Amino acid sequence: MSSTNIYPLLKKIDSPQDLRRLSEDEVLQVANELRSFLLNSVSKSGGHLAAGLGTVELTVALHYVFDTPKDQLVWDVGHQAYPHKILTGRRESIHTIRKKDGLSPFPKRKENPFDSFGVGHSSTSISAALGMAIAAAQDNRDQQMIAIIGDGGITGGMAFEALNHAGVLDSNLLVILNDNEMSISPNVGALNNYLAKILSSKFYSTVREESKKVLSKMPSVWELARRTEEHMKGMVIPGTLFEELGFNYIGPIDGHDLPTLISTLQNLRNLPGPRFLHVVTRKGKGYKPAENDPVAYHGVSSFDPELDYLPKSKPGKPTYTQVFGDWLCDMAKQDPRLLAVTPAMREGSGLLRFSKEFPDRYFDVAIAEQHSVTVAAGMACEGYKPVVAIYSTFLQRAYDQLIHDVAVQDLSVLFAIDRAGLVGPDGPTHAGSFDYSYMRCVPNLVVMAPADENECRQMLYTGFLHDGPASVRYPRGKGPGVEVEQTMQALEIGKAEVRKKGQRIALLGFGCMVQPAMEIADSLEATVVNMRFVKPLDEQLLIQITDSHDILVTLEDNVVAGGAGSAVNEFLQSRQINTPILNIGLPDAFIEHGSREECLSDAGLDKEGIHKTIAAYLKNRGSMGHQKTG
């Protein structure tokens with residue numbers, strides 16, 4: 001059977017304009033076809049699945065009711081936006097998502113005019129949509145701005161800052177809370193759907209506002225009416241908070257009841273001012289394995305959708321994330337002062353085992369990176385030893401707290417920084433490209449980068465014992481595969497190690513760049529130094545290396561600007577050492593998505609790229625025997 005026969009209506013939709021030509025009955029069929037198409041596509045290509053399955057009806061309803069792209073949809077995070085991509089002209093290329101030169105894993109302005117705002121990190125949608133609404137009002141444009149945010153994303157402080165601002169502006173803004181944690185029983189769901197239709201109607205809105213004007217002139221009656229309204233809404237609608245912020249709150253409604261969604265959105269489209277629609281969905285909707293385990297089916301590799309389980313990964317050496325998770329449990333057994341903090345990244349940061357073995361010492365603060373750092377600072381003030389497990393790209397969001405609340409006070413907080421360097425399929429929004437640069441300039445902060453899995457364990461131990469703030473940053477996935485020693489030994493802070501002795505050229509590797517340095521060292525007859533510490537540098541060893549080598553090459557999976565190589569440059573300059581130095585790292589550009597290996601190759605940070613860059617540098621200098629000038 002051809003794909004046209006499997007998806008007869010969906011195959012005719014190349015833009016939402018095509019969708020809006022259909023009847024509501026046909027739109028119901030489109031939703032069913034869309035869910036099936038999404039499942040079949042992602043099961044072959046891999047990608048984010050459960051979130052998209054849960055937003056099929058909502059996405060269809062939004063594009064059916066609103067005049068997109070004139071009316072602009074702003075998706076939060078973007079995991080939920082696969083159906084949006086399929087309906088906006090990218091159906092035939094959805095299989096390329098997260099692959100090199102394929103579709104971005106998240107909405108991206110340069111990719112498609114229906115992607116009104118680029119996303120990746122959470123809790124940004126309301127701020128962005130509000131900014132668009134303000135701009136439209138300035139230009140007297142009749143446009144709808146719609147922010148779609150999840151129940152996880154709305155826990156971020158930025159979302160509440162935006163809600164607080166929006167409520168006082170009377171902007172033409174609709175915020176849709178996609179709540180996929182609450183469950184609605186059939187009776188409650190039917191009642192809420194009925195209430196939503198009433199409360200979103202123009203008749204109710206008009207009567208409500210006019211009644212307020214009349215009753216406000218009769219203080220005692222007005223107060224009684226106000227209290228009655230709040231009491232009734234408090235009983236049947238969890239929207240008092242949003243009403244107090246200035247929003248017209250509607251919901252919760254069943255996010256998989258497409259007719260109700262359409263009629264409610266049609267009513268809301270005609271209401272002025274800030275509106276808040278609470279939609280309840282189920283992650284993985286329509287595919288039982290994903291409904292039963294939405295965490296496992298959040299991001300998937302290719303799998304057989306006919307089976308009720310995902311393929312198991314082949315056993316092998318542990319990933320850096322697993323090394324951290326094991327160390328955390330081992331360390332917690334030794335020291336009762338250890339507390340673990342994470343901003344909603346339990347599985348991603350390797351905290352699942354710890355959360356089960358030490359539930360009273362595990363703190364998931366939701367998507368609140370700033371809070372995660374400051375709450376750890378508070379713990380440290382009281383004599384505890386907090387470990388903040390966070391992705392490099394997410395720590396950027398808590399930079400002020402890192403400086404102001406931890407470093408200034410010289411508090412003993414250990415940062416276990418995952419996904420450092422290039423991360424691959426998630427692209428530039430998730431790449432940890434800047435942490436060397438933004439951390440090494442902070443006083444009191446120790447910055448460590450392990451060359452392998454065992455060194456990662458020992459550095460975590462070193463940082464935990466250190467009296468003051470410390471960080472260990474490590475890449476996504478597996479390392480070179482060395483055996484991890486169960487015994488923990490603290491490293492001497494600020495001491496590098498020579499891994500291979502050569503002559504003339506010294507390769508100074510930071511973190512995962514030590515491995516490619518070792519692979520090309522023989523062909524260059526080069527010395528390889530595992531620098532270990534970005535801050536403090538091993539200044540004594542650097543002086544020895546410059547005395548015995550003609551050229552230094554620094555290697556890092558961080559931007560060259562202000563990175564580890566820059567730290568070496570600054571030290572040499574301060575000592576008036578003029579040994580020629582080549583800094584190799586990430587370029588002054590965002591590396592697009594692909595596999596991690598492809599991204600490293602694009603950045604020139606695989607062994608072939610590094611060797612090529614060094615060879616070109618040597619050629620430009622005239623010969624390998626060129627003598628240093630200092």
# chains A, B, ... in the order shown; residues from 1 in each chain; ligands from 1
$ closest_atom_pairs --of "segment 345-389 of chain A" --to "segment 333-341 of chain A" --cutoff "7 Å" --atoms "only C-alpha atoms" --output "tab-separated table"
residue	atom	partner	partner_atom	distance
A:Arg361	CA	A:Leu339	CA	5.0
A:Tyr362	CA	A:Ala340	CA	5.0
A:Phe363	CA	A:Val341	CA	4.8
A:Asp364	CA	A:Val341	CA	5.9
A:Ser372	CA	A:Val341	CA	6.5
A:Tyr384	CA	A:Arg337	CA	4.7
A:Lys385	CA	A:Leu338	CA	4.8
A:Pro386	CA	A:Leu339	CA	4.6
A:Val387	CA	A:Ala340	CA	4.9
A:Val388	CA	A:Val341	CA	4.8
A:Ala389	CA	A:Val341	CA	6.2
$ select_by_dssp --residues "segment 483-544 of chain A" --states "alpha helix (DSSP H)" --output "list of chain:residue names"
A:Val514, A:Gln515, A:Pro516, A:Ala517, A:Met518, A:Glu519, A:Ile520, A:Ala521, A:Asp522, A:Ser523, A:Leu524, A:Glu539, A:Gln540, A:Leu541, A:Leu542, A:Ile543, A:Gln544
$ residues_around --residues "Asp557 of chain A" --least-positions-apart "3" --cutoff "12 Å" --atoms "only C-alpha atoms" --output "PDB file with N, CA, C and O atoms, in the first residue's frame"
ATOM      1  N   ARG A 419      27.432  17.050  29.411  1.00  0.00           N
ATOM      2  CA  ARG A 419      27.211  17.556  28.045  1.00  0.00           C
ATOM      3  C   ARG A 419      28.114  18.738  27.725  1.00  0.00           C
ATOM      4  O   ARG A 419      27.708  19.679  27.052  1.00  0.00           O
ATOM      5  N   ALA A 420      29.360  18.702  28.184  1.00  0.00           N
ATOM      6  CA  ALA A 420      30.317  19.749  27.833  1.00  0.00           C
ATOM      7  C   ALA A 420      30.802  19.536  26.403  1.00  0.00           C
ATOM      8  O   ALA A 420      30.839  18.411  25.904  1.00  0.00           O
ATOM      9  N   GLY A 421      31.175  20.618  25.760  1.00  0.00           N
ATOM     10  CA  GLY A 421      31.617  20.521  24.378  1.00  0.00           C
ATOM     11  C   GLY A 421      30.445  20.299  23.435  1.00  0.00           C
ATOM     12  O   GLY A 421      29.305  20.657  23.728  1.00  0.00           O
ATOM     13  N   LEU A 422      30.706  19.716  22.283  1.00  0.00           N
ATOM     14  CA  LEU A 422      29.667  19.490  21.282  1.00  0.00           C
ATOM     15  C   LEU A 422      28.846  18.257  21.641  1.00  0.00           C
ATOM     16  O   LEU A 422      29.397  17.219  21.989  1.00  0.00           O
ATOM     17  N   VAL A 423      27.528  18.399  21.543  1.00  0.00           N
ATOM     18  CA  VAL A 423      26.634  17.313  21.979  1.00  0.00           C
ATOM     19  C   VAL A 423      26.055  16.528  20.817  1.00  0.00           C
ATOM     20  O   VAL A 423      25.484  15.469  21.022  1.00  0.00           O
ATOM     21  N   ALA A 431      24.784  22.666  23.011  1.00  0.00           N
ATOM     22  CA  ALA A 431      26.234  22.444  23.046  1.00  0.00           C
ATOM     23  C   ALA A 431      26.849  23.203  24.219  1.00  0.00           C
ATOM     24  O   ALA A 431      26.527  24.357  24.462  1.00  0.00           O
ATOM     25  N   GLY A 432      27.750  22.523  24.928  1.00  0.00           N
ATOM     26  CA  GLY A 432      28.448  23.162  26.051  1.00  0.00           C
ATOM     27  C   GLY A 432      29.741  23.781  25.582  1.00  0.00           C
ATOM     28  O   GLY A 432      30.831  23.382  26.007  1.00  0.00           O
ATOM     29  N   SER A 433      29.628  24.782  24.736  1.00  0.00           N
ATOM     30  CA  SER A 433      30.784  25.323  24.021  1.00  0.00           C
ATOM     31  C   SER A 433      31.520  26.425  24.763  1.00  0.00           C
ATOM     32  O   SER A 433      32.577  26.859  24.311  1.00  0.00           O
ATOM     33  N   PHE A 434      30.977  26.899  25.885  1.00  0.00           N
ATOM     34  CA  PHE A 434      31.489  28.137  26.467  1.00  0.00           C
ATOM     35  C   PHE A 434      31.921  28.027  27.923  1.00  0.00           C
ATOM     36  O   PHE A 434      32.315  29.021  28.520  1.00  0.00           O
ATOM     37  N   ASP A 435      31.855  26.845  28.513  1.00  0.00           N
ATOM     38  CA  ASP A 435      32.031  26.781  29.970  1.00  0.00           C
ATOM     39  C   ASP A 435      33.448  27.092  30.431  1.00  0.00           C
ATOM     40  O   ASP A 435      33.638  27.708  31.477  1.00  0.00           O
ATOM     41  N   TYR A 436      34.474  26.658  29.672  1.00  0.00           N
ATOM     42  CA  TYR A 436      35.837  27.052  30.053  1.00  0.00           C
ATOM     43  C   TYR A 436      35.931  28.576  30.130  1.00  0.00           C
ATOM     44  O   TYR A 436      36.517  29.138  31.056  1.00  0.00           O
ATOM     45  N   SER A 437      35.353  29.227  29.112  1.00  0.00           N
ATOM     46  CA  SER A 437      35.469  30.682  29.020  1.00  0.00           C
ATOM     47  C   SER A 437      34.729  31.389  30.147  1.00  0.00           C
ATOM     48  O   SER A 437      35.245  32.335  30.740  1.00  0.00           O
ATOM     49  N   ALA A 449      38.869  19.140  34.008  1.00  0.00           N
ATOM     50  CA  ALA A 449      38.403  18.481  32.797  1.00  0.00           C
ATOM     51  C   ALA A 449      39.080  17.125  32.672  1.00  0.00           C
ATOM     52  O   ALA A 449      40.280  17.052  32.398  1.00  0.00           O
ATOM     53  N   ALA A 451      40.381  13.545  31.296  1.00  0.00           N
ATOM     54  CA  ALA A 451      40.763  12.987  29.999  1.00  0.00           C
ATOM     55  C   ALA A 451      40.105  11.639  29.745  1.00  0.00           C
ATOM     56  O   ALA A 451      40.033  11.191  28.605  1.00  0.00           O
ATOM     57  N   ARG A 473      33.859  19.146  34.402  1.00  0.00           N
ATOM     58  CA  ARG A 473      33.039  19.171  33.177  1.00  0.00           C
ATOM     59  C   ARG A 473      33.463  18.037  32.258  1.00  0.00           C
ATOM     60  O   ARG A 473      34.651  17.774  32.045  1.00  0.00           O
ATOM     61  N   TYR A 474      32.478  17.310  31.747  1.00  0.00           N
ATOM     62  CA  TYR A 474      32.759  16.125  30.942  1.00  0.00           C
ATOM     63  C   TYR A 474      31.758  16.032  29.802  1.00  0.00           C
ATOM     64  O   TYR A 474      30.638  16.562  29.860  1.00  0.00           O
ATOM     65  N   PRO A 475      32.154  15.342  28.720  1.00  0.00           N
ATOM     66  CA  PRO A 475      31.325  15.333  27.512  1.00  0.00           C
ATOM     67  C   PRO A 475      30.190  14.319  27.579  1.00  0.00           C
ATOM     68  O   PRO A 475      30.106  13.489  28.483  1.00  0.00           O
ATOM     69  N   ARG A 476      29.341  14.401  26.600  1.00  0.00           N
ATOM     70  CA  ARG A 476      28.256  13.444  26.433  1.00  0.00           C
ATOM     71  C   ARG A 476      28.822  12.104  25.953  1.00  0.00           C
ATOM     72  O   ARG A 476      29.771  12.058  25.182  1.00  0.00           O
ATOM     73  N   GLY A 509      46.569  19.048  25.941  1.00  0.00           N
ATOM     74  CA  GLY A 509      45.178  18.642  25.789  1.00  0.00           C
ATOM     75  C   GLY A 509      44.358  18.895  27.037  1.00  0.00           C
ATOM     76  O   GLY A 509      44.794  18.590  28.151  1.00  0.00           O
ATOM     77  N   PHE A 510      43.162  19.428  26.850  1.00  0.00           N
ATOM     78  CA  PHE A 510      42.228  19.644  27.951  1.00  0.00           C
ATOM     79  C   PHE A 510      41.039  18.702  27.778  1.00  0.00           C
ATOM     80  O   PHE A 510      40.388  18.677  26.728  1.00  0.00           O
ATOM     81  N   GLY A 511      40.775  17.903  28.807  1.00  0.00           N
ATOM     82  CA  GLY A 511      39.619  17.020  28.786  1.00  0.00           C
ATOM     83  C   GLY A 511      39.677  15.992  27.688  1.00  0.00           C
ATOM     84  O   GLY A 511      40.695  15.310  27.478  1.00  0.00           O
ATOM     85  N   CYS A 512      38.571  15.876  26.940  1.00  0.00           N
ATOM     86  CA  CYS A 512      38.466  14.825  25.925  1.00  0.00           C
ATOM     87  C   CYS A 512      39.405  15.035  24.746  1.00  0.00           C
ATOM     88  O   CYS A 512      39.548  14.146  23.894  1.00  0.00           O
ATOM     89  N   MET A 513      40.078  16.167  24.677  1.00  0.00           N
ATOM     90  CA  MET A 513      41.027  16.406  23.587  1.00  0.00           C
ATOM     91  C   MET A 513      42.368  15.712  23.805  1.00  0.00           C
ATOM     92  O   MET A 513      43.214  15.703  22.905  1.00  0.00           O
ATOM     93  N   VAL A 514      42.560  15.146  24.971  1.00  0.00           N
ATOM     94  CA  VAL A 514      43.795  14.400  25.219  1.00  0.00           C
ATOM     95  C   VAL A 514      43.855  13.165  24.319  1.00  0.00           C
ATOM     96  O   VAL A 514      44.917  12.808  23.789  1.00  0.00           O
ATOM     97  N   GLN A 515      42.711  12.516  24.112  1.00  0.00           N
ATOM     98  CA  GLN A 515      42.683  11.292  23.324  1.00  0.00           C
ATOM     99  C   GLN A 515      43.121  11.511  21.871  1.00  0.00           C
ATOM    100  O   GLN A 515      44.030  10.815  21.382  1.00  0.00           O
ATOM    101  N   PRO A 516      42.543  12.472  21.135  1.00  0.00           N
ATOM    102  CA  PRO A 516      43.057  12.693  19.766  1.00  0.00           C
ATOM    103  C   PRO A 516      44.505  13.173  19.756  1.00  0.00           C
ATOM    104  O   PRO A 516      45.240  12.894  18.802  1.00  0.00           O
ATOM    105  N   THR A 554      47.549  24.101  22.007  1.00  0.00           N
ATOM    106  CA  THR A 554      46.498  23.811  22.989  1.00  0.00           C
ATOM    107  C   THR A 554      45.287  23.241  22.265  1.00  0.00           C
ATOM    108  O   THR A 554      44.926  23.694  21.177  1.00  0.00           O
ATOM    109  N   VAL A 560      37.587  28.950  21.233  1.00  0.00           N
ATOM    110  CA  VAL A 560      38.942  29.448  21.423  1.00  0.00           C
ATOM    111  C   VAL A 560      38.926  30.771  22.184  1.00  0.00           C
ATOM    112  O   VAL A 560      39.782  31.028  23.035  1.00  0.00           O
ATOM    113  N   ALA A 561      37.926  31.598  21.907  1.00  0.00           N
ATOM    114  CA  ALA A 561      37.850  32.919  22.534  1.00  0.00           C
ATOM    115  C   ALA A 561      37.672  32.790  24.046  1.00  0.00           C
ATOM    116  O   ALA A 561      36.635  32.329  24.516  1.00  0.00           O
ATOM    117  N   GLY A 563      39.034  30.793  26.102  1.00  0.00           N
ATOM    118  CA  GLY A 563      39.020  29.432  26.616  1.00  0.00           C
ATOM    119  C   GLY A 563      40.300  29.023  27.319  1.00  0.00           C
ATOM    120  O   GLY A 563      41.081  29.853  27.787  1.00  0.00           O
ATOM    121  N   ALA A 564      40.524  27.711  27.386  1.00  0.00           N
ATOM    122  CA  ALA A 564      41.691  27.182  28.095  1.00  0.00           C
ATOM    123  C   ALA A 564      42.992  27.597  27.419  1.00  0.00           C
ATOM    124  O   ALA A 564      43.986  27.911  28.082  1.00  0.00           O
ATOM    125  N   GLY A 565      42.987  27.586  26.086  1.00  0.00           N
ATOM    126  CA  GLY A 565      44.180  28.027  25.375  1.00  0.00           C
ATOM    127  C   GLY A 565      44.505  29.480  25.668  1.00  0.00           C
ATOM    128  O   GLY A 565      45.680  29.856  25.805  1.00  0.00           O
ATOM    129  N   ASN A 583      46.428  27.811  19.166  1.00  0.00           N
ATOM    130  CA  ASN A 583      45.230  27.452  19.921  1.00  0.00           C
ATOM    131  C   ASN A 583      44.216  26.796  18.996  1.00  0.00           C
ATOM    132  O   ASN A 583      43.756  27.409  18.025  1.00  0.00           O
ATOM    133  N   ILE A 584      43.865  25.544  19.292  1.00  0.00           N
ATOM    134  CA  ILE A 584      42.864  24.823  18.503  1.00  0.00           C
ATOM    135  C   ILE A 584      41.659  24.534  19.398  1.00  0.00           C
ATOM    136  O   ILE A 584      41.796  23.988  20.494  1.00  0.00           O
ATOM    137  N   GLY A 585      40.510  24.942  18.926  1.00  0.00           N
ATOM    138  CA  GLY A 585      39.267  24.725  19.674  1.00  0.00           C
ATOM    139  C   GLY A 585      38.084  25.000  18.771  1.00  0.00           C
ATOM    140  O   GLY A 585      38.216  25.003  17.541  1.00  0.00           O
ATOM    141  N   LEU A 586      36.946  25.255  19.380  1.00  0.00           N
ATOM    142  CA  LEU A 586      35.750  25.531  18.591  1.00  0.00           C
ATOM    143  C   LEU A 586      35.862  26.909  17.951  1.00  0.00           C
ATOM    144  O   LEU A 586      36.356  27.858  18.567  1.00  0.00           O
ATOM    145  N   PRO A 587      35.388  27.040  16.730  1.00  0.00           N
ATOM    146  CA  PRO A 587      35.484  28.328  16.027  1.00  0.00           C
ATOM    147  C   PRO A 587      34.465  29.331  16.561  1.00  0.00           C
ATOM    148  O   PRO A 587      33.601  29.000  17.371  1.00  0.00           O
ATOM    149  N   ILE A 591      28.041  25.475  15.749  1.00  0.00           N
ATOM    150  CA  ILE A 591      28.123  24.230  14.981  1.00  0.00           C
ATOM    151  C   ILE A 591      26.734  23.596  14.937  1.00  0.00           C
ATOM    152  O   ILE A 591      26.126  23.337  15.978  1.00  0.00           O
ATOM    153  N   ARG A 596      27.766  13.460  17.139  1.00  0.00           N
ATOM    154  CA  ARG A 596      28.853  14.161  17.823  1.00  0.00           C
ATOM    155  C   ARG A 596      30.146  14.064  16.999  1.00  0.00           C
ATOM    156  O   ARG A 596      30.911  15.029  16.915  1.00  0.00           O
ATOM    157  N   CYS A 599      29.956  16.544  14.193  1.00  0.00           N
ATOM    158  CA  CYS A 599      30.129  17.914  14.689  1.00  0.00           C
ATOM    159  C   CYS A 599      31.594  18.204  15.001  1.00  0.00           C
ATOM    160  O   CYS A 599      32.108  19.286  14.685  1.00  0.00           O
ATOM    161  N   LEU A 600      32.270  17.246  15.623  1.00  0.00           N
ATOM    162  CA  LEU A 600      33.698  17.423  15.907  1.00  0.00           C
ATOM    163  C   LEU A 600      34.490  17.564  14.607  1.00  0.00           C
ATOM    164  O   LEU A 600      35.414  18.373  14.513  1.00  0.00           O
ATOM    165  N   SER A 601      34.115  16.794  13.599  1.00  0.00           N
ATOM    166  CA  SER A 601      34.784  16.878  12.308  1.00  0.00           C
ATOM    167  C   SER A 601      34.553  18.244  11.670  1.00  0.00           C
ATOM    168  O   SER A 601      35.481  18.866  11.135  1.00  0.00           O
ATOM    169  N   ALA A 603      34.048  20.961  13.157  1.00  0.00           N
ATOM    170  CA  ALA A 603      34.798  21.960  13.917  1.00  0.00           C
ATOM    171  C   ALA A 603      36.300  21.779  13.794  1.00  0.00           C
ATOM    172  O   ALA A 603      37.074  22.571  14.349  1.00  0.00           O
ATOM    173  N   GLY A 604      36.733  20.719  13.087  1.00  0.00           N
ATOM    174  CA  GLY A 604      38.161  20.442  12.959  1.00  0.00           C
ATOM    175  C   GLY A 604      38.775  19.880  14.221  1.00  0.00           C
ATOM    176  O   GLY A 604      39.983  19.996  14.443  1.00  0.00           O
ATOM    177  N   LEU A 605      37.949  19.235  15.062  1.00  0.00           N
ATOM    178  CA  LEU A 605      38.444  18.729  16.346  1.00  0.00           C
ATOM    179  C   LEU A 605      38.527  17.205  16.405  1.00  0.00           C
ATOM    180  O   LEU A 605      38.702  16.639  17.483  1.00  0.00           O
ATOM    181  N   ASP A 606      38.391  16.536  15.274  1.00  0.00           N
ATOM    182  CA  ASP A 606      38.732  15.116  15.247  1.00  0.00           C
ATOM    183  C   ASP A 606      40.225  15.007  14.960  1.00  0.00           C
ATOM    184  O   ASP A 606      40.894  16.009  14.683  1.00  0.00           O
ATOM    185  N   ILE A 610      42.615  18.044  13.526  1.00  0.00           N
ATOM    186  CA  ILE A 610      43.673  18.602  14.365  1.00  0.00           C
ATOM    187  C   ILE A 610      45.023  18.489  13.670  1.00  0.00           C
ATOM    188  O   ILE A 610      45.817  19.435  13.629  1.00  0.00           O
TER     189      ILE A 610
END
$ atom_distance --atom1 "atom CA of Lys501 of chain A" --atom2 "atom CA of Gln489 of chain A"
24.9 Å
$ atom_distance --atom1 "atom CA of Leu245 of chain A" --atom2 "atom CA of Ser122 of chain A"
21.0 Å
$ residues_around --residues "Gln143 of chain A" --least-positions-apart "6" --cutoff "8 Å" --atoms "only C-alpha atoms" --output "VMD selection string"
chain A and resid 70 to 72 133 136 172
$ closest_residue --among "A:Gln138, A:Asn40, A:Ser349, A:Thr429" --to "Pro105 of chain A" --atoms "only C-alpha atoms"
A:Thr429
$ residues_around --residues "Gln17 of chain A" --least-positions-apart "5" --cutoff "10 Å" --atoms "only C-alpha atoms" --output "PDB file with N, CA and C atoms, in the first residue's frame"
ATOM      1  N   LEU A  22     -10.358  22.210   5.145  1.00  0.00           N
ATOM      2  CA  LEU A  22     -11.062  20.962   5.450  1.00  0.00           C
ATOM      3  C   LEU A  22     -12.224  21.193   6.405  1.00  0.00           C
ATOM      4  N   HIS A  63      -3.380  25.319  14.283  1.00  0.00           N
ATOM      5  CA  HIS A  63      -3.210  25.714  12.881  1.00  0.00           C
ATOM      6  C   HIS A  63      -4.547  25.797  12.144  1.00  0.00           C
ATOM      7  N   TYR A  64      -5.561  25.092  12.630  1.00  0.00           N
ATOM      8  CA  TYR A  64      -6.886  25.130  11.999  1.00  0.00           C
ATOM      9  C   TYR A  64      -7.628  26.417  12.353  1.00  0.00           C
ATOM     10  N   ASP A  67      -4.659  31.976  11.976  1.00  0.00           N
ATOM     11  CA  ASP A  67      -4.153  32.277  10.635  1.00  0.00           C
ATOM     12  C   ASP A  67      -2.630  32.301  10.660  1.00  0.00           C
ATOM     13  N   THR A  68      -2.031  31.135  10.874  1.00  0.00           N
ATOM     14  CA  THR A  68      -0.574  31.036  10.892  1.00  0.00           C
ATOM     15  C   THR A  68      -0.053  31.100   9.456  1.00  0.00           C
ATOM     16  N   PRO A  69       1.089  31.723   9.193  1.00  0.00           N
ATOM     17  CA  PRO A  69       2.042  32.285  10.147  1.00  0.00           C
ATOM     18  C   PRO A  69       1.795  33.742  10.528  1.00  0.00           C
ATOM     19  N   LEU A  87       3.098  19.634   9.736  1.00  0.00           N
ATOM     20  CA  LEU A  87       1.980  20.368   9.131  1.00  0.00           C
ATOM     21  C   LEU A  87       2.419  21.640   8.415  1.00  0.00           C
ATOM     22  N   THR A  88       3.670  22.019   8.557  1.00  0.00           N
ATOM     23  CA  THR A  88       4.134  23.287   7.987  1.00  0.00           C
ATOM     24  C   THR A  88       5.179  23.080   6.893  1.00  0.00           C
TER      25      THR A  88
END
$ closest_residue --among "A:Glu26, A:Asp308, A:Glu243, A:Glu291" --to "Phe276 of chain A" --atoms "only C-alpha atoms"
A:Glu243
$ residues_around --residues "segment 453-460 of chain A" --least-positions-apart "5" --cutoff "10 Å" --atoms "only C-alpha atoms" --output "PyMOL selection string"
chain A and resi 317-328+331+387+414-416+447-448+465-466+470-474+478-493+511-512+532-533
$ closest_residue --among "A:Gly246, A:Met145, A:Ile154, A:Gly118" --to "Leu169 of chain A" --atoms "only C-alpha atoms"
A:Gly246
$ atom_distance --atom1 "atom CA of Gln576 of chain A" --atom2 "atom CA of Glu539 of chain A"
13.3 Å
$ closest_residue --among "A:Val42, A:Ile176, A:Ile551, A:Ile505" --to "Arg98 of chain A" --atoms "only C-alpha atoms"
A:Val42
$ residues_around --residues "Val279 of chain A" --least-positions-apart "6" --cutoff "7 Å" --atoms "only C-alpha atoms" --output "list in words"
Ile176, Leu177, Asn178, Asp179, Gly251, Pro252, Ile253, Asp254 and Gly255 of chain A
$ closest_residue --among "A:Ile403, A:Val442, A:Leu542, A:Leu53" --to "His256 of chain A" --atoms "only C-alpha atoms"
A:Leu53
